[in-house]
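Reviewing the structure listed below.
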Amino acid sequence: MFSSSGRAVRKLGSSSSCTAASVIGNRNFLLRERYIPPPASLPKLRDAYSAIELALDSVVKIFTVSSSPNYFLPWQNKSQRETMGSGFVIHGKKILTNAHVVADHTFVLVRKHGSPTKYRAEVQAVGHECDLAILVVENEEFWKGMNFLELGDIPFLQEAVAVVGYPQGGDNISVTKGVVSRVEPTQYVHGASQLMAIQIDAAINPGNSGGPAIMKNKVAGVAFQNLSGAENIGYIIPVPVIKHFINGVEESGKYVGFCSMGLSCQPTENVQLRKHFGMSPEMTGVLVSKINPLSDAHRVLKKDDIILAFDGVPIANDGTVPFRNRERITFDHLVSMKKPNETASVRLLRGGEEHEFCITLRPLQPLVPVHQFDKLPSYYIFAGLVFVPLTQPYLHEYGEEWYNTSPRRLCERYERLAELQVKKVNGIEIDNLKHLCQLVGNCSSESLRFDLDDDRVIALNYQSAKVATSRILKRHRIPSAMSSDLSAEQNISESESASSS
């Protein structure tokens, strides 16, 4: 901590006033010495104090009240909870913080250092993949005396950074010091994405999230997570990721996401594997094993292609590209830093011949969403059956061991039918929850049939089921048979049908 090193400097200064003996020419002299730090340590001390000065007028404490949806009862929310985090002022009278600090918020307050007043803040933009959010405060009184921090560059290994924030254990601002240990793509826990991150040896505790990591007089990153089970291993979001997020919001007015090629690639480090695919000794690259059918790469690339270079940058056999001074990083970083709908040139080897293609890059959403923050889950109720889309937040309701304990194929009689995929309604394969609602609502036959996973079937009398639906909603105090997004789309469809007739 800077505070402890500051005390150490003062202590050395006070203890240096004591006398010390020196022998010169066989005579004893009493000398009074003042401790002078070695020249190499002076810049570090100046950096420490400048970081503190910058932080006092820039870093704020964030108070969030949030309420997450109940995915087992999607028409209800869980109880409210209060959390705290950190943030700092950036250019344009905005506050930058972590997305997980304000996720599922109902309202947000911010407080300046040394002030007893809390000010209402609004979330202007949030990017859960990169775990960043922008807040705005309309009250002009808040901005008096506040200074914005400038974004710097990616620090080199062993460069010192100061992490500033409001961690648990106290109410006042805290400054911890560390050095950069590693720079590489890392799993972002909140957004379940793989983006560049900086590992430091400074402690990052709950409450530190969203605070700046300051190097000299500029921001080197945003504190956002630590390594569970390890001591003094924290991670900060680097400036390129921050700028990508901010620039996207400024250009489009909303979060635009990070691009992906939609590929699964295999290293080609094995000599026989390279020989099998006709790679010459000087060639390096990675083998394409899977292609997302929703990506633009699906139009151009093929399985078993060897990607040799991305935007003119050669890809090594382990999938890495050169990064700074004698460092390497996976080529996914080059892809993620592209703007949505931006093109990239890809040089590849196919059938022993080299080809070059242009691919349009854009963010890709997984078939099963990994998160659904800041929105209510979709649902549809009919005859006591509750239909919901399959999402990871729903699976996470089964606890930390959700991968092993989430839905199994257990069904006996209608009352035991649960956790099953719906495949068809009246013989028609369904595309999504909206399509299911349309098929049920437009049913013209006496009987309504649902074909489920594991070859199970539900058959209902349609009119009796509609009556039962109303009774069930009333008995369980459920406000609507469907979520607001589905009911809004249904109203639009009905109005369009009425106008066309």
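Chain identifiers are assigned as A, B, and so on, following the order in which chains appear in the structure tokens; residues are numbered from 1 within each chain, and ligands are numbered from 1 in order of appearance.
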Considering only C-alpha atoms, tabulate each residue of region 67-89 of chain A that lies at most 9 Å from region 206-223 of chain A along with its nearest interatomic pair and the corresponding distance in Å to one decimal; arrange the rows by chain and ascending residue number and present them as CSV.
```
residue,atom,partner,partner_atom,distance
A:Thr83,CA,A:Gly207,CA,8.2
A:Met84,CA,A:Gly207,CA,5.6
A:Gly85,CA,A:Gly207,CA,4.2
A:Ser86,CA,A:Gly210,CA,4.7
A:Gly87,CA,A:Gly210,CA,4.8
A:Phe88,CA,A:Gly211,CA,6.3
```
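These are the residues of region 148-333 of chain A assigned helix (DSSP H, G or I) by DSSP from backbone coordinates: Val239, Pro240, Val241, Ile242, Lys243, His244, Phe245, Ile246, Asn247, Gly248, Val249, Glu250, Glu251, Ser252, Val271, Gln272, Leu273, Arg274, Lys275, His276, Ala297, His298, Arg299, Val300, Asp332 and His333 of chain A.
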Next, the residues of the selection above should be written as a compact mmCIF listing (two decimals), in the first residue's frame with C-alpha atoms.
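Output file result-v2.txt is given in full below:
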```txt
# COMPACT_ATOMS: atom_id res chain seq x y z
CA VAL A 239 -7.09 0.26 -22.46
CA PRO A 240 -7.70 -1.28 -25.95
CA VAL A 241 -10.79 -3.08 -24.62
CA ILE A 242 -11.94 0.08 -22.82
CA LYS A 243 -11.52 2.23 -25.94
CA HIS A 244 -13.33 -0.33 -28.11
CA PHE A 245 -16.28 -0.20 -25.71
CA ILE A 246 -16.35 3.61 -25.40
CA ASN A 247 -15.87 4.27 -29.13
CA GLY A 248 -18.67 1.86 -30.00
CA VAL A 249 -21.04 3.63 -27.61
CA GLU A 250 -20.08 7.08 -28.91
CA GLU A 251 -20.48 6.09 -32.57
CA SER A 252 -23.72 4.14 -32.36
CA VAL A 271 4.88 -32.30 -37.95
CA GLN A 272 2.84 -35.14 -39.43
CA LEU A 273 -0.36 -33.09 -39.22
CA ARG A 274 1.26 -30.24 -41.16
CA LYS A 275 2.58 -32.67 -43.73
CA HIS A 276 -0.86 -34.26 -44.13
CA ALA A 297 -16.79 -17.12 -42.42
CA HIS A 298 -19.24 -19.98 -43.11
CA ARG A 299 -19.73 -18.49 -46.57
CA VAL A 300 -16.02 -18.41 -47.35
CA ASP A 332 -8.40 -13.93 -31.48
CA HIS A 333 -7.34 -10.60 -29.98
```
Could you list, with a cut-off of 9 Å and counting only C-alpha atoms, the residues of region 328-433 of chain A near region 253-265 of chain A, each shown with its nearest atom pair and the distance in Å rounded to one decimal, rows sorted by chain and ascending number, as JSON lines?
```
{"residue": "A:Asp332", "atom": "CA", "partner": "A:Ser260", "partner_atom": "CA", "distance": 7.8}
{"residue": "A:Val335", "atom": "CA", "partner": "A:Ser260", "partner_atom": "CA", "distance": 6.1}
{"residue": "A:Ser336", "atom": "CA", "partner": "A:Cys259", "partner_atom": "CA", "distance": 4.8}
{"residue": "A:Met337", "atom": "CA", "partner": "A:Phe258", "partner_atom": "CA", "distance": 6.9}
{"residue": "A:Lys338", "atom": "CA", "partner": "A:Cys259", "partner_atom": "CA", "distance": 6.3}
{"residue": "A:Lys339", "atom": "CA", "partner": "A:Cys259", "partner_atom": "CA", "distance": 6.9}
{"residue": "A:Pro340", "atom": "CA", "partner": "A:Cys259", "partner_atom": "CA", "distance": 6.1}
{"residue": "A:Asn341", "atom": "CA", "partner": "A:Cys259", "partner_atom": "CA", "distance": 8.5}
{"residue": "A:Ile359", "atom": "CA", "partner": "A:Met261", "partner_atom": "CA", "distance": 8.4}
{"residue": "A:Thr360", "atom": "CA", "partner": "A:Met261", "partner_atom": "CA", "distance": 8.5}
{"residue": "A:Leu361", "atom": "CA", "partner": "A:Cys259", "partner_atom": "CA", "distance": 5.8}
{"residue": "A:Arg362", "atom": "CA", "partner": "A:Cys259", "partner_atom": "CA", "distance": 4.5}
{"residue": "A:Pro363", "atom": "CA", "partner": "A:Cys259", "partner_atom": "CA", "distance": 4.1}
{"residue": "A:Leu364", "atom": "CA", "partner": "A:Ser260", "partner_atom": "CA", "distance": 6.3}
```
*Would you mind listing what lies within 10 Å of Val440 (chain A) as a PyMOL selection string, with only C-alpha atoms counted and same-chain residues fewer than 3 positions away left out?*
chain A and resi 382+425-426+435-437+443-444+448-450+462
Those residues you just picked out, can you put them in a file as a short mmCIF file (atom, residue, chain, number, x, y, z; two decimals), in the first residue's frame with all heavy atoms?
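Contents of the output file result-v3.cif:
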```cif
data_model
loop_
_atom_site.label_atom_id
_atom_site.label_comp_id
_atom_site.auth_asym_id
_atom_site.auth_seq_id
_atom_site.Cartn_x
_atom_site.Cartn_y
_atom_site.Cartn_z
N PHE A 382 -49.62 -21.76 -20.52
CA PHE A 382 -50.85 -22.27 -21.13
C PHE A 382 -51.24 -23.55 -20.41
O PHE A 382 -50.47 -24.51 -20.36
CB PHE A 382 -50.65 -22.54 -22.62
CG PHE A 382 -51.92 -22.92 -23.34
CD1 PHE A 382 -52.85 -21.94 -23.69
CD2 PHE A 382 -52.21 -24.24 -23.63
CE1 PHE A 382 -54.02 -22.28 -24.33
CE2 PHE A 382 -53.39 -24.59 -24.28
CZ PHE A 382 -54.30 -23.61 -24.63
N VAL A 425 -45.50 -28.44 -32.06
CA VAL A 425 -46.86 -28.10 -31.63
C VAL A 425 -47.79 -28.45 -32.77
O VAL A 425 -47.65 -27.91 -33.87
CB VAL A 425 -46.99 -26.61 -31.26
CG1 VAL A 425 -48.44 -26.28 -30.93
CG2 VAL A 425 -46.08 -26.26 -30.08
N ASN A 426 -48.69 -29.41 -32.52
CA ASN A 426 -49.60 -29.90 -33.56
C ASN A 426 -48.85 -30.31 -34.82
O ASN A 426 -49.25 -30.01 -35.95
CB ASN A 426 -50.66 -28.86 -33.89
CG ASN A 426 -51.78 -28.83 -32.85
OD1 ASN A 426 -51.86 -29.71 -32.00
ND2 ASN A 426 -52.62 -27.81 -32.90
N HIS A 435 -42.61 -18.36 -31.68
CA HIS A 435 -43.28 -19.24 -32.64
C HIS A 435 -44.23 -20.19 -31.92
O HIS A 435 -45.35 -20.45 -32.39
CB HIS A 435 -42.22 -20.03 -33.41
CG HIS A 435 -42.79 -20.81 -34.56
ND1 HIS A 435 -42.23 -21.99 -35.01
CD2 HIS A 435 -43.87 -20.59 -35.35
CE1 HIS A 435 -42.92 -22.45 -36.02
NE2 HIS A 435 -43.94 -21.62 -36.24
N LEU A 436 -43.81 -20.69 -30.75
CA LEU A 436 -44.69 -21.56 -29.96
C LEU A 436 -45.97 -20.83 -29.56
O LEU A 436 -47.08 -21.38 -29.66
CB LEU A 436 -43.94 -22.07 -28.73
CG LEU A 436 -44.69 -23.04 -27.81
CD1 LEU A 436 -43.72 -24.07 -27.23
CD2 LEU A 436 -45.39 -22.32 -26.66
N CYS A 437 -45.83 -19.57 -29.11
CA CYS A 437 -47.01 -18.78 -28.72
C CYS A 437 -47.96 -18.61 -29.90
O CYS A 437 -49.19 -18.71 -29.75
CB CYS A 437 -46.58 -17.41 -28.21
SG CYS A 437 -45.67 -17.47 -26.67
N CYS A 443 -54.33 -22.05 -32.77
CA CYS A 443 -54.82 -23.43 -32.88
C CYS A 443 -56.31 -23.43 -33.27
O CYS A 443 -57.14 -22.76 -32.63
CB CYS A 443 -54.62 -24.16 -31.55
SG CYS A 443 -55.26 -25.84 -31.53
N SER A 444 -56.67 -24.18 -34.31
CA SER A 444 -58.07 -24.25 -34.79
C SER A 444 -58.67 -25.62 -34.58
O SER A 444 -59.85 -25.83 -34.88
CB SER A 444 -58.12 -23.89 -36.28
OG SER A 444 -57.28 -24.74 -37.03
N LEU A 448 -54.97 -29.98 -28.74
CA LEU A 448 -53.66 -29.34 -28.89
C LEU A 448 -52.60 -30.34 -28.44
O LEU A 448 -52.65 -30.86 -27.33
CB LEU A 448 -53.58 -28.08 -28.04
CG LEU A 448 -52.26 -27.30 -28.07
CD1 LEU A 448 -52.00 -26.73 -29.46
CD2 LEU A 448 -52.27 -26.18 -27.03
N ARG A 449 -51.63 -30.60 -29.32
CA ARG A 449 -50.61 -31.61 -29.03
C ARG A 449 -49.22 -30.97 -28.97
O ARG A 449 -48.84 -30.19 -29.83
CB ARG A 449 -50.62 -32.70 -30.11
CG ARG A 449 -49.45 -33.67 -30.02
CD ARG A 449 -49.57 -34.79 -31.01
NE ARG A 449 -48.33 -35.60 -31.05
CZ ARG A 449 -48.27 -36.87 -31.36
NH1 ARG A 449 -49.40 -37.52 -31.69
NH2 ARG A 449 -47.12 -37.52 -31.38
N PHE A 450 -48.48 -31.35 -27.91
CA PHE A 450 -47.08 -30.96 -27.75
C PHE A 450 -46.21 -32.21 -27.83
O PHE A 450 -46.42 -33.15 -27.06
CB PHE A 450 -46.83 -30.27 -26.40
CG PHE A 450 -47.54 -28.97 -26.22
CD1 PHE A 450 -48.76 -28.92 -25.56
CD2 PHE A 450 -46.99 -27.78 -26.69
CE1 PHE A 450 -49.42 -27.72 -25.37
CE2 PHE A 450 -47.66 -26.58 -26.51
CZ PHE A 450 -48.88 -26.54 -25.86
N TYR A 462 -58.30 -27.97 -26.30
CA TYR A 462 -57.87 -26.58 -26.44
C TYR A 462 -58.74 -25.61 -25.66
O TYR A 462 -58.24 -24.76 -24.92
CB TYR A 462 -57.84 -26.21 -27.92
CG TYR A 462 -57.28 -24.82 -28.18
CD1 TYR A 462 -55.97 -24.51 -27.86
CD2 TYR A 462 -58.08 -23.82 -28.72
CE1 TYR A 462 -55.46 -23.25 -28.09
CE2 TYR A 462 -57.59 -22.55 -28.95
CZ TYR A 462 -56.26 -22.27 -28.63
OH TYR A 462 -55.76 -21.02 -28.85
#
```
*Could you jot down the CA of Asn325 (chain A) to CA of Glu150 (chain A) separation for me, Å, one decimal place?*
24.3 Å
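Taking CA of Val136 (chain A) and CA of Val123 (chain A) as the two end points, the separation is 6.5 Å.
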*Show which residues sit within 6 Å of Val179 (chain A), as a list in words. Count only C-alpha atoms, and ignore same-chain residues fewer than 3 positions away.*
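Final neighbour list, sorted by chain and number: Gln158, Glu159, Ala160, Val161, Ile200 and Asp201 of chain A.
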Requested write-out: C-alpha atoms of the selected residues, as a compact mmCIF listing (two decimals), in the first residue's frame:
```txt
# COMPACT_ATOMS: atom_id res chain seq x y z
CA GLN A 158 6.99 -5.44 -14.23
CA GLU A 159 5.76 -1.86 -14.60
CA ALA A 160 4.17 -0.53 -11.42
CA VAL A 161 0.46 0.33 -11.23
CA ILE A 200 -1.18 -7.75 -11.58
CA ASP A 201 0.01 -8.72 -8.10
```
*region 240-271 of chain A: which residues are strand (DSSP E) by DSSP, as a PyMOL selection string?*
chain A and resi 263-267
Take the residues from that selection and put them in a file with N, CA and C atoms, as an mmCIF file, in the first residue's frame.
```
data_model
loop_
_atom_site.group_PDB
_atom_site.id
_atom_site.type_symbol
_atom_site.label_atom_id
_atom_site.label_comp_id
_atom_site.auth_asym_id
_atom_site.auth_seq_id
_atom_site.Cartn_x
_atom_site.Cartn_y
_atom_site.Cartn_z
ATOM 1 N N LEU A 263 -15.127 -19.391 -35.398
ATOM 2 C CA LEU A 263 -14.339 -20.564 -35.754
ATOM 3 C C LEU A 263 -13.865 -21.308 -34.517
ATOM 4 N N SER A 264 -13.715 -22.606 -34.662
ATOM 5 C CA SER A 264 -12.957 -23.414 -33.706
ATOM 6 C C SER A 264 -11.728 -23.907 -34.451
ATOM 7 N N CYS A 265 -10.546 -23.599 -33.927
ATOM 8 C CA CYS A 265 -9.309 -23.919 -34.627
ATOM 9 C C CYS A 265 -8.435 -24.844 -33.783
ATOM 10 N N GLN A 266 -7.648 -25.637 -34.482
ATOM 11 C CA GLN A 266 -6.744 -26.591 -33.849
ATOM 12 C C GLN A 266 -5.305 -26.211 -34.173
ATOM 13 N N PRO A 267 -4.402 -26.252 -33.185
ATOM 14 C CA PRO A 267 -2.987 -25.971 -33.474
ATOM 15 C C PRO A 267 -2.418 -27.006 -34.448
#
```
*Check the smallest atom-to-atom distance from each of A:Gln392, A:Gln421, A:Ser470, A:Gln490 to Val457 (chain A) using only C-alpha atoms, then report the winner.*
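Once distances to Val457 (chain A) are computed over only C-alpha atoms, the minimum belongs to A:Gln421.
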*Selection: 12 Å around Gly145 (chain A), only C-alpha atoms, excl. self and same-chain fewer than 5 positions, as a VMD selection string*: chain A and resid 54 56 to 59 89 93 112 to 115 140
_Report, in Å with one decimal, the straight-line distance from CA of Lys94 (chain A) to CA of Val137 (chain A)._
7.5 Å
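Excluding His355 (chain A) itself and any same-chain residue fewer than 3 positions from it, the protein and nucleic acid residues within 10 Å of it, counting only C-alpha atoms, are Ile307, Leu308, Val346, Arg347, Leu348, Leu349, Arg350 and Gly352 of chain A.
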